[in-house]
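Engineer: One file is attached below, data.pdb, containing PDB, C-alpha atoms.
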ATOM      1  CA  MET A   1     111.911  42.743   0.783
ATOM      2  CA  ARG A   2     112.430  39.134   1.739
ATOM      3  CA  GLN A   3     115.671  40.060   3.559
ATOM      4  CA  ARG A   4     113.889  42.836   5.496
ATOM      5  CA  ILE A   5     111.208  40.380   6.658
ATOM      6  CA  ILE A   6     113.810  37.852   7.797
ATOM      7  CA  ALA A   7     115.729  40.577   9.645
ATOM      8  CA  ALA A   8     112.542  41.767  11.354
ATOM      9  CA  LEU A   9     111.712  38.255  12.460
ATOM     10  CA  GLY A  10     115.216  37.864  13.863
ATOM     11  CA  ILE A  11     114.920  41.074  15.885
ATOM     12  CA  ALA A  12     111.499  39.980  17.218
ATOM     13  CA  GLY A  13     112.971  36.654  18.285
ATOM     14  CA  LEU A  14     115.829  38.348  20.142
ATOM     15  CA  ALA A  15     113.369  40.689  21.891
ATOM     16  CA  ALA A  16     111.228  37.761  23.030
ATOM     17  CA  ALA A  17     114.294  35.987  24.381
ATOM     18  CA  GLY A  18     115.271  39.132  26.248
ATOM     19  CA  LEU A  19     111.841  39.411  27.841
ATOM     20  CA  ALA A  20     111.981  35.784  28.946
ATOM     21  CA  ALA A  21     115.385  36.348  30.524
ATOM     22  CA  CYS A  22     113.976  39.224  32.574
ATOM     23  CA  GLY A  23     111.235  37.134  34.169
ATOM     24  CA  ASN A  24     110.658  37.061  37.939
ATOM     25  CA  ASP A  25     112.622  34.268  39.596
ATOM     26  CA  SER A  26     110.125  33.129  42.228
ATOM     27  CA  GLY A  27     110.291  29.403  41.805
ATOM     28  CA  SER A  28     113.743  27.950  41.249
ATOM     29  CA  GLY A  29     117.442  28.536  41.086
ATOM     30  CA  SER A  30     119.884  30.584  43.155
ATOM     31  CA  GLY A  31     119.995  34.332  43.193
ATOM     32  CA  GLY A  32     122.280  36.384  41.028
ATOM     33  CA  SER A  33     122.893  40.119  41.134
ATOM     34  CA  GLY A  34     120.116  40.789  38.620
ATOM     35  CA  ASP A  35     117.695  38.038  39.579
ATOM     36  CA  LYS A  36     114.366  38.829  41.200
ATOM     37  CA  VAL A  37     112.663  36.887  43.973
ATOM     38  CA  THR A  38     109.131  36.928  45.383
ATOM     39  CA  ILE A  39     108.714  36.193  49.085
ATOM     40  CA  GLY A  40     105.429  35.663  50.929
ATOM     41  CA  ILE A  41     104.879  37.531  54.198
ATOM     42  CA  LYS A  42     101.965  38.728  56.289
ATOM     43  CA  PHE A  43     100.814  42.296  55.657
ATOM     44  CA  ASP A  44      98.843  42.849  58.868
ATOM     45  CA  GLN A  45     100.988  41.604  61.769
ATOM     46  CA  PRO A  46     102.833  44.449  63.535
ATOM     47  CA  GLY A  47     106.262  43.366  64.717
ATOM     48  CA  ILE A  48     106.145  40.297  62.466
ATOM     49  CA  GLY A  49     105.048  41.301  58.956
ATOM     50  CA  LEU A  50     103.366  44.638  58.296
ATOM     51  CA  LYS A  51     102.757  46.657  55.128
ATOM     52  CA  GLU A  52     102.254  50.395  55.531
ATOM     53  CA  GLY A  53     102.159  52.153  52.191
ATOM     54  CA  ALA A  54     105.243  50.997  50.328
ATOM     55  CA  ASN A  55     107.090  50.023  53.525
ATOM     56  CA  TYR A  56     107.435  46.503  54.937
ATOM     57  CA  THR A  57     108.490  45.942  58.539
ATOM     58  CA  GLY A  58     108.687  43.114  61.057
ATOM     59  CA  MET A  59     110.827  40.230  62.224
ATOM     60  CA  ASP A  60     109.772  38.039  59.297
ATOM     61  CA  VAL A  61     110.636  40.827  56.861
ATOM     62  CA  ASP A  62     114.135  41.326  58.279
ATOM     63  CA  VAL A  63     114.837  37.583  58.337
ATOM     64  CA  ALA A  64     113.570  37.320  54.751
ATOM     65  CA  LYS A  65     115.854  40.142  53.596
ATOM     66  CA  TYR A  66     118.860  38.573  55.306
ATOM     67  CA  VAL A  67     118.184  35.123  53.864
ATOM     68  CA  ALA A  68     117.557  36.507  50.374
ATOM     69  CA  LYS A  69     120.849  38.408  50.490
ATOM     70  CA  GLU A  70     122.705  35.240  51.508
ATOM     71  CA  LEU A  71     121.060  33.445  48.582
ATOM     72  CA  GLY A  72     122.441  36.095  46.247
ATOM     73  CA  PHE A  73     119.456  38.401  45.739
ATOM     74  CA  ASP A  74     119.821  42.175  45.974
ATOM     75  CA  GLU A  75     117.287  43.782  48.312
ATOM     76  CA  LYS A  76     116.004  45.995  45.493
ATOM     77  CA  ASN A  77     115.026  42.833  43.590
ATOM     78  CA  ILE A  78     112.830  41.434  46.376
ATOM     79  CA  THR A  79     109.059  41.571  45.876
ATOM     80  CA  PHE A  80     106.937  40.910  48.946
ATOM     81  CA  LYS A  81     103.587  39.222  48.325
ATOM     82  CA  GLU A  82     100.833  38.873  50.906
ATOM     83  CA  ALA A  83     100.538  35.295  52.166
ATOM     84  CA  PRO A  84      97.305  34.858  54.177
ATOM     85  CA  SER A  85      97.271  31.746  56.360
ATOM     86  CA  ALA A  86      94.798  29.866  54.164
ATOM     87  CA  GLN A  87      96.786  30.528  50.957
ATOM     88  CA  ARG A  88     100.371  29.782  51.982
ATOM     89  CA  GLU A  89     100.576  26.215  50.655
ATOM     90  CA  THR A  90      98.919  27.192  47.357
ATOM     91  CA  LEU A  91     101.315  30.095  46.791
ATOM     92  CA  LEU A  92     104.284  27.733  47.114
ATOM     93  CA  GLN A  93     102.766  24.908  45.104
ATOM     94  CA  ASN A  94     101.877  27.239  42.218
ATOM     95  CA  GLY A  95     105.310  28.864  42.190
ATOM     96  CA  GLN A  96     103.913  32.325  42.949
ATOM     97  CA  VAL A  97     106.558  32.761  45.648
ATOM     98  CA  LYS A  98     109.966  31.195  46.177
ATOM     99  CA  MET A  99     109.689  31.151  49.960
ATOM    100  CA  ILE A 100     107.305  32.175  52.716
ATOM    101  CA  LEU A 101     108.155  33.788  56.051
ATOM    102  CA  ALA A 102     104.747  34.519  57.533
ATOM    103  CA  SER A 103     104.581  33.290  61.156
ATOM    104  CA  TYR A 104     104.414  29.887  59.446
ATOM    105  CA  SER A 105     104.511  27.196  62.140
ATOM    106  CA  ILE A 106     106.189  23.927  61.155
ATOM    107  CA  THR A 107     103.717  21.040  61.512
ATOM    108  CA  ASP A 108     103.625  17.461  60.253
ATOM    109  CA  ALA A 109     100.414  18.157  58.319
ATOM    110  CA  ARG A 110     101.954  21.103  56.485
ATOM    111  CA  LYS A 111     105.119  19.132  55.725
ATOM    112  CA  GLU A 112     102.959  16.832  53.617
ATOM    113  CA  LYS A 113     102.447  19.745  51.200
ATOM    114  CA  VAL A 114     105.527  21.966  51.534
ATOM    115  CA  SER A 115     109.119  21.822  52.780
ATOM    116  CA  PHE A 116     110.502  23.887  55.661
ATOM    117  CA  ALA A 117     113.840  25.368  56.593
ATOM    118  CA  GLY A 118     114.423  26.607  60.138
ATOM    119  CA  PRO A 119     112.978  27.230  62.618
ATOM    120  CA  TYR A 120     114.136  30.831  62.909
ATOM    121  CA  LEU A 121     111.927  31.728  65.901
ATOM    122  CA  VAL A 122     110.004  29.726  68.515
ATOM    123  CA  ALA A 123     106.819  31.342  69.809
ATOM    124  CA  GLY A 124     103.845  30.105  71.842
ATOM    125  CA  GLN A 125     100.087  30.400  71.515
ATOM    126  CA  ASP A 126      98.432  32.873  73.883
ATOM    127  CA  LEU A 127      95.330  35.073  74.202
ATOM    128  CA  LEU A 128      94.665  38.778  73.643
ATOM    129  CA  VAL A 129      91.835  40.321  75.670
ATOM    130  CA  LYS A 130      90.673  43.796  76.623
ATOM    131  CA  ALA A 131      92.941  45.468  79.164
ATOM    132  CA  ASP A 132      90.244  45.508  81.875
ATOM    133  CA  ASN A 133      89.286  41.835  81.417
ATOM    134  CA  THR A 134      89.778  39.784  84.595
ATOM    135  CA  ASP A 135      87.863  36.554  83.958
ATOM    136  CA  ILE A 136      89.873  35.181  81.011
ATOM    137  CA  THR A 137      93.079  33.919  82.596
ATOM    138  CA  GLY A 138      93.890  31.159  80.144
ATOM    139  CA  PRO A 139      92.390  28.894  77.466
ATOM    140  CA  ASP A 140      90.398  26.844  79.985
ATOM    141  CA  ALA A 141      88.423  29.984  80.923
ATOM    142  CA  LEU A 142      86.920  30.351  77.442
ATOM    143  CA  ASN A 143      83.867  28.084  77.700
ATOM    144  CA  GLY A 144      80.868  30.052  76.453
ATOM    145  CA  LYS A 145      83.089  32.890  75.215
ATOM    146  CA  LYS A 146      83.570  34.100  71.649
ATOM    147  CA  LEU A 147      87.090  33.406  70.422
ATOM    148  CA  CYS A 148      88.565  34.759  67.199
ATOM    149  CA  SER A 149      91.331  33.566  64.913
ATOM    150  CA  VAL A 150      91.939  33.580  61.167
ATOM    151  CA  THR A 151      90.811  31.161  58.478
ATOM    152  CA  GLY A 152      93.579  28.649  57.822
ATOM    153  CA  SER A 153      95.048  28.884  61.322
ATOM    154  CA  THR A 154      94.775  25.967  63.765
ATOM    155  CA  SER A 155      94.911  28.163  66.883
ATOM    156  CA  ALA A 156      91.215  28.537  67.740
ATOM    157  CA  GLN A 157      90.360  24.919  66.975
ATOM    158  CA  LYS A 158      93.173  23.819  69.289
ATOM    159  CA  VAL A 159      91.537  25.749  72.136
ATOM    160  CA  LYS A 160      88.181  24.097  71.437
ATOM    161  CA  ASP A 161      89.682  20.602  71.180
ATOM    162  CA  LYS A 162      91.943  20.747  74.226
ATOM    163  CA  PHE A 163      90.700  23.370  76.677
ATOM    164  CA  ALA A 164      87.145  24.693  76.200
ATOM    165  CA  ASP A 165      84.738  22.556  74.196
ATOM    166  CA  THR A 166      81.860  25.078  74.382
ATOM    167  CA  VAL A 167      83.891  28.063  73.171
ATOM    168  CA  GLN A 168      82.283  29.828  70.196
ATOM    169  CA  LEU A 169      84.758  30.157  67.323
ATOM    170  CA  GLN A 170      84.740  33.208  65.066
ATOM    171  CA  ASN A 171      86.984  33.244  61.987
ATOM    172  CA  TYR A 172      88.073  36.273  59.962
ATOM    173  CA  ASP A 173      90.469  36.434  57.048
ATOM    174  CA  THR A 174      92.990  38.652  58.877
ATOM    175  CA  TYR A 175      94.103  39.151  62.477
ATOM    176  CA  SER A 176      93.549  42.889  62.206
ATOM    177  CA  LYS A 177      89.826  42.231  61.758
ATOM    178  CA  CYS A 178      89.884  40.091  64.904
ATOM    179  CA  VAL A 179      91.509  42.980  66.786
ATOM    180  CA  GLU A 180      88.811  45.357  65.521
ATOM    181  CA  ALA A 181      86.113  42.911  66.648
ATOM    182  CA  LEU A 182      87.753  42.615  70.071
ATOM    183  CA  GLY A 183      87.829  46.375  70.464
ATOM    184  CA  ALA A 184      84.166  46.606  69.462
ATOM    185  CA  GLY A 185      83.135  43.907  71.938
ATOM    186  CA  ALA A 186      81.977  41.496  69.220
ATOM    187  CA  ILE A 187      84.357  38.827  70.548
ATOM    188  CA  ASP A 188      85.881  38.125  73.951
ATOM    189  CA  ALA A 189      89.397  37.080  72.978
ATOM    190  CA  LEU A 190      91.780  36.600  70.075
ATOM    191  CA  THR A 191      94.169  33.677  69.951
ATOM    192  CA  THR A 192      97.346  33.206  67.979
ATOM    193  CA  ASP A 193     101.065  33.325  68.723
ATOM    194  CA  ASN A 194     102.300  35.558  71.536
ATOM    195  CA  THR A 195     104.636  37.355  69.122
ATOM    196  CA  ILE A 196     101.733  38.497  66.963
ATOM    197  CA  LEU A 197      99.531  39.437  69.911
ATOM    198  CA  ALA A 198     102.318  41.467  71.522
ATOM    199  CA  GLY A 199     102.751  43.369  68.276
ATOM    200  CA  TYR A 200      99.092  44.349  68.195
ATOM    201  CA  ALA A 201      98.978  45.291  71.884
ATOM    202  CA  SER A 202     102.017  47.554  71.499
ATOM    203  CA  GLN A 203     100.735  49.481  68.453
ATOM    204  CA  ALA A 204     100.297  53.175  69.178
ATOM    205  CA  ALA A 205      96.582  53.033  68.321
ATOM    206  CA  ASN A 206      96.062  50.126  70.733
ATOM    207  CA  LYS A 207      98.120  51.298  73.720
ATOM    208  CA  GLY A 208      96.189  50.624  76.914
ATOM    209  CA  LYS A 209      93.290  48.899  75.134
ATOM    210  CA  PHE A 210      94.449  45.276  75.151
ATOM    211  CA  LYS A 211      96.715  42.907  77.024
ATOM    212  CA  VAL A 212      98.315  39.544  76.370
ATOM    213  CA  VAL A 213      97.162  37.074  79.029
ATOM    214  CA  GLY A 214     100.707  35.708  79.286
ATOM    215  CA  LYS A 215      99.945  32.012  79.641
ATOM    216  CA  THR A 216     101.322  30.218  76.570
ATOM    217  CA  PHE A 217      99.919  26.792  75.826
ATOM    218  CA  SER A 218     101.756  25.598  72.730
ATOM    219  CA  THR A 219     105.108  25.653  70.967
ATOM    220  CA  GLU A 220     105.089  27.337  67.559
ATOM    221  CA  ARG A 221     108.263  26.848  65.525
ATOM    222  CA  TYR A 222     108.357  29.437  62.727
ATOM    223  CA  GLY A 223     109.835  27.984  59.553
ATOM    224  CA  VAL A 224     110.697  29.210  56.083
ATOM    225  CA  GLY A 225     108.161  27.595  53.756
ATOM    226  CA  LEU A 226     109.530  26.260  50.467
ATOM    227  CA  LYS A 227     108.159  24.304  47.547
ATOM    228  CA  LYS A 228     107.914  20.619  48.421
ATOM    229  CA  GLY A 229     111.210  18.857  47.755
ATOM    230  CA  ASP A 230     113.349  21.988  47.269
ATOM    231  CA  THR A 231     116.183  20.517  49.330
ATOM    232  CA  ASP A 232     118.905  22.653  47.763
ATOM    233  CA  THR A 233     117.273  25.940  48.761
ATOM    234  CA  CYS A 234     116.379  24.524  52.172
ATOM    235  CA  LYS A 235     120.045  23.823  52.963
ATOM    236  CA  LYS A 236     121.088  27.284  51.807
ATOM    237  CA  VAL A 237     118.380  28.907  53.929
ATOM    238  CA  ASN A 238     119.462  26.952  57.016
ATOM    239  CA  ASP A 239     123.061  28.077  56.438
ATOM    240  CA  ALA A 240     121.852  31.676  56.166
ATOM    241  CA  LEU A 241     119.806  31.416  59.369
ATOM    242  CA  LYS A 242     122.775  30.001  61.274
ATOM    243  CA  LYS A 243     124.939  32.869  60.047
ATOM    244  CA  MET A 244     122.267  35.374  61.083
ATOM    245  CA  VAL A 245     122.142  33.945  64.613
ATOM    246  CA  ASP A 246     125.926  33.577  65.022
ATOM    247  CA  SER A 247     126.610  37.111  63.770
ATOM    248  CA  GLY A 248     124.201  38.741  66.214
ATOM    249  CA  GLU A 249     121.970  40.029  63.402
ATOM    250  CA  TRP A 250     119.076  37.854  64.596
ATOM    251  CA  GLN A 251     119.113  39.520  68.025
ATOM    252  CA  LYS A 252     119.293  42.961  66.433
ATOM    253  CA  ALA A 253     116.235  42.143  64.317
ATOM    254  CA  PHE A 254     114.291  40.878  67.333
ATOM    255  CA  ASP A 255     115.162  43.911  69.461
ATOM    256  CA  LYS A 256     114.214  46.255  66.622
ATOM    257  CA  ASN A 257     110.829  44.669  65.908
ATOM    258  CA  LEU A 258     109.613  43.152  69.182
ATOM    259  CA  GLY A 259     111.915  44.496  71.880
ATOM    260  CA  ASP A 260     109.557  47.288  72.953
ATOM    261  CA  SER A 261     106.556  44.967  73.298
ATOM    262  CA  GLY A 262     107.808  43.456  76.554
ATOM    263  CA  LEU A 263     107.570  39.991  75.027
ATOM    264  CA  LYS A 264     109.806  37.440  76.739
ATOM    265  CA  LEU A 265     110.767  34.387  74.689
ATOM    266  CA  ASP A 266     112.258  31.201  76.074
ATOM    267  CA  PRO A 267     116.059  31.685  75.971
ATOM    268  CA  ALA A 268     116.480  27.925  75.635
ATOM    269  CA  THR A 269     114.976  28.051  72.155
ATOM    270  CA  ASN A 270     115.521  31.677  71.048
ATOM    271  CA  PRO A 271     117.489  32.444  69.075
ATOM    272  CA  PRO A 272     117.322  28.935  67.586
ATOM    273  CA  LYS A 273     120.587  27.022  67.849
ATOM    274  CA  THR A 274     119.665  24.016  65.709
ATOM    275  CA  PHE A 275     117.706  23.719  62.471
ATOM    276  CA  ASP A 276     115.660  20.877  61.058
ATOM    277  CA  ALA A 277     117.305  18.593  58.546
ATOM    278  CA  CYS A 278     116.224  19.226  54.958
ATOM    279  CA  ALA A 279     114.328  16.279  53.502
TER     280      ALA A 279
END
Output the file's structure in the form of structure tokens.

Structural biologist:
Amino acid sequence: MRQRIIAALGIAGLAAAGLAACGNDSGSGSGGSGDKVTIGIKFDQPGIGLKEGANYTGMDVDVAKYVAKELGFDEKNITFKEAPSAQRETLLQNGQVKMILASYSITDARKEKVSFAGPYLVAGQDLLVKADNTDITGPDALNGKKLCSVTGSTSAQKVKDKFADTVQLQNYDTYSKCVEALGAGAIDALTTDNTILAGYASQAANKGKFKVVGKTFSTERYGVGLKKGDTDTCKKVNDALKKMVDSGEWQKAFDKNLGDSGLKLDPATNPPKTFDACA
């Protein structure tokens, strides 16, 4: 009897060890053929990061898959987790994701909380308005208008601080809700990066309804967000991004996801030719 109890305890211990070994690798270490990785992306940005059923598409998604593969993770072992703007730092700090590719602009304030690899794309802030709008020609034409962006983004506040101090700011938790409000006439314009706006304007359901003003007024350097101080992964990600650019895979991903939108990016900065040093 005593031997059976000891044997049972031994089997239970081995089972527990096996379960621990199968845990999701979202916080540390390099990928192996059986390792899993969780990556934060946006779920509601057509052309950048979009979830439709069980499918994930967009430039950020394709860059994430390429980087993960170079880090040793099989695509079937990637889990994509939604990373709303206001939650990105928390997701990294808590180890819920290993990296974030979610139109995540590199800024000094954010670098106080997280580390960045990249940039892998350089965009610019712009405005989305109704297709028949003629009076909003740029950010300085927004005084007295209702301007939408998402909670956690700095885009709308930048307009108020630098261009139109009487603009009325409206914040929603997703850009798709801003687009709905714009279509319903509840707001006058939506501001964020031109890449995101072009994706919305080119969606089949939105064809002919909206237009991108086409007057960028910022430089947004999209980086791969990592846990603060993860220098080893940062260097590996930068190496992967360089390989993606040099091989032509970056251009293929851009053409596939944003080529039909008519978006023109600055060829001096896209595709990126240099990447920030990992600190």

Engineer: Tell me which of A:Gly248, A:Gly144, A:Pro46, A:Gly72 sits closest to Ser176 of chain A, counting only C-alpha atoms.

Structural biologist: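 Comparing A:Gly248, A:Gly144, A:Pro46, A:Gly72 against Ser176 of chain A, the winner is A:Pro46.
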
Engineer: Have a look at atom CA of Glu52 of chain A and atom CA of Gln203 of chain A and let me know their distance in Å, one decimal.

Structural biologist: 13.0 Å

Engineer: Any idea what's packed within 8 Å of Gln45 of chain A, counting all atoms listed in the file, ignoring anything in its chain fewer than 2 positions away? Could you give it as a tab-separated table (two decimals) with C-alpha atoms, keeping the file's coordinate frame?

Structural biologist:
chain	number	residue	atom	x	y	z
A	42	LYS	CA	101.96	38.73	56.29
A	43	PHE	CA	100.81	42.30	55.66
A	47	GLY	CA	106.26	43.37	64.72
A	48	ILE	CA	106.14	40.30	62.47
A	49	GLY	CA	105.05	41.30	58.96
A	50	LEU	CA	103.37	44.64	58.30
A	58	GLY	CA	108.69	43.11	61.06
A	175	TYR	CA	94.10	39.15	62.48
A	176	SER	CA	93.55	42.89	62.21
A	196	ILE	CA	101.73	38.50	66.96
A	199	GLY	CA	102.75	43.37	68.28
A	200	TYR	CA	99.09	44.35	68.19

Engineer: Env of Leu121 of chain A: 7 Å cut, atoms = only C-alpha atoms, seq-sep filter 2 positions within chain, self excluded. Answer as a PyMOL selection string.

Structural biologist: chain A and resi 119+123+221-222+270-272

Engineer: Using all atoms listed in the file, find the one residue out of A:Ser218, A:Asp165, A:Val129, A:Phe80 that sits nearest to Ala186 of chain A.

Structural biologist: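 Between A:Ser218, A:Asp165, A:Val129, A:Phe80, the residue approaching Ala186 of chain A most closely is A:Val129.
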
Engineer: Taking (90.2, 33.4, 73.7) as a centre in this file's frame and 8 Å as the limit, can you find every polymer residue with an atom that close, using all atoms listed in the file, and give them as a ChimeraX atom specification?

Structural biologist: /A:127-129,136,138-139,142,145-148,156,159,188-191

Engineer: Give the answer as one residue: which of A:Thr154, A:Thr269, A:Gln168, A:Thr192 has the shortest atom-to-atom distance to Thr107 of chain A, using only C-alpha atoms?

Structural biologist: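 Nearest candidate to Thr107 of chain A out of A:Thr154, A:Thr269, A:Gln168, A:Thr192: A:Thr154.
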
Engineer: By how many Å are atom CA of Phe163 of chain A and atom CA of Leu197 of chain A apart?

Structural biologist: 19.5 Å

Engineer: Would you work out the distance separating atom CA of Thr219 of chain A from atom CA of Asp276 of chain A, expressed in Å to one decimal?

Structural biologist: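 Taking atom CA of Thr219 of chain A as the start and atom CA of Asp276 of chain A as the end point, the length is 15.2 Å.
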
Engineer: Can you pull out the residues contacting Thr137 of chain A? Cut-off 9 Å, using only C-alpha atoms, and skip same-chain residues under 4 positions away; I want them as a list of chain:residue names.

Structural biologist: A:Leu127, A:Asn133, A:Ala141, A:Leu142, A:Val213, A:Gly214, A:Lys215

Engineer: Just the selected residues (C-alpha atoms), exported as a PDB file, in the coordinates of the input, please.

Structural biologist:
ATOM      1  CA  LEU A 127      95.330  35.073  74.202  1.00  0.00           C
ATOM      2  CA  ASN A 133      89.286  41.835  81.417  1.00  0.00           C
ATOM      3  CA  ALA A 141      88.423  29.984  80.923  1.00  0.00           C
ATOM      4  CA  LEU A 142      86.920  30.351  77.442  1.00  0.00           C
ATOM      5  CA  VAL A 213      97.162  37.074  79.029  1.00  0.00           C
ATOM      6  CA  GLY A 214     100.707  35.708  79.286  1.00  0.00           C
ATOM      7  CA  LYS A 215      99.945  32.012  79.641  1.00  0.00           C
TER       8      LYS A 215
END

Engineer: So, with all atoms listed in the file as the atoms that count, which of A:Asp108, A:Met244, A:Ser149, A:Lys256 lies closest to Lys65 of chain A?

Structural biologist: A:Met244

Engineer: Taking all atoms listed in the file into account, which of A:Asp255, A:Phe217, A:Gly40, A:Leu182 comes nearest Asp140 of chain A?

Structural biologist: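 Under the stated criterion, the closest residue is A:Phe217.
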
Engineer: Need to verify the contact set: segment 230-242 of chain A, 12 Å, only C-alpha atoms, exclusion of same-chain residues closer than 2 positions in sequence. Can you return it as a compact mmCIF listing (two decimals) with C-alpha atoms, keeping the file's coordinate frame?

Structural biologist:
# COMPACT_ATOMS: atom_id res chain seq x y z
CA GLY A 27 110.29 29.40 41.80
CA SER A 28 113.74 27.95 41.25
CA GLY A 29 117.44 28.54 41.09
CA SER A 30 119.88 30.58 43.16
CA GLY A 31 120.00 34.33 43.19
CA ASP A 62 114.14 41.33 58.28
CA VAL A 63 114.84 37.58 58.34
CA ALA A 64 113.57 37.32 54.75
CA LYS A 65 115.85 40.14 53.60
CA TYR A 66 118.86 38.57 55.31
CA VAL A 67 118.18 35.12 53.86
CA ALA A 68 117.56 36.51 50.37
CA LYS A 69 120.85 38.41 50.49
CA GLU A 70 122.70 35.24 51.51
CA LEU A 71 121.06 33.44 48.58
CA GLY A 72 122.44 36.10 46.25
CA LEU A 92 104.28 27.73 47.11
CA GLN A 93 102.77 24.91 45.10
CA GLY A 95 105.31 28.86 42.19
CA LYS A 98 109.97 31.20 46.18
CA MET A 99 109.69 31.15 49.96
CA ILE A 100 107.30 32.17 52.72
CA LEU A 101 108.16 33.79 56.05
CA LYS A 113 102.45 19.74 51.20
CA VAL A 114 105.53 21.97 51.53
CA SER A 115 109.12 21.82 52.78
CA PHE A 116 110.50 23.89 55.66
CA ALA A 117 113.84 25.37 56.59
CA GLY A 118 114.42 26.61 60.14
CA PRO A 119 112.98 27.23 62.62
CA TYR A 120 114.14 30.83 62.91
CA LEU A 121 111.93 31.73 65.90
CA GLY A 223 109.84 27.98 59.55
CA VAL A 224 110.70 29.21 56.08
CA GLY A 225 108.16 27.60 53.76
CA LEU A 226 109.53 26.26 50.47
CA LYS A 227 108.16 24.30 47.55
CA LYS A 228 107.91 20.62 48.42
CA MET A 244 122.27 35.37 61.08
CA VAL A 245 122.14 33.94 64.61
CA ASP A 246 125.93 33.58 65.02
CA SER A 247 126.61 37.11 63.77
CA GLY A 248 124.20 38.74 66.21
CA GLU A 249 121.97 40.03 63.40
CA TRP A 250 119.08 37.85 64.60
CA GLN A 251 119.11 39.52 68.03
CA PRO A 271 117.49 32.44 69.08
CA PRO A 272 117.32 28.94 67.59
CA LYS A 273 120.59 27.02 67.85
CA THR A 274 119.66 24.02 65.71
CA PHE A 275 117.71 23.72 62.47
CA ASP A 276 115.66 20.88 61.06
CA ALA A 277 117.30 18.59 58.55
CA CYS A 278 116.22 19.23 54.96
CA ALA A 279 114.33 16.28 53.50
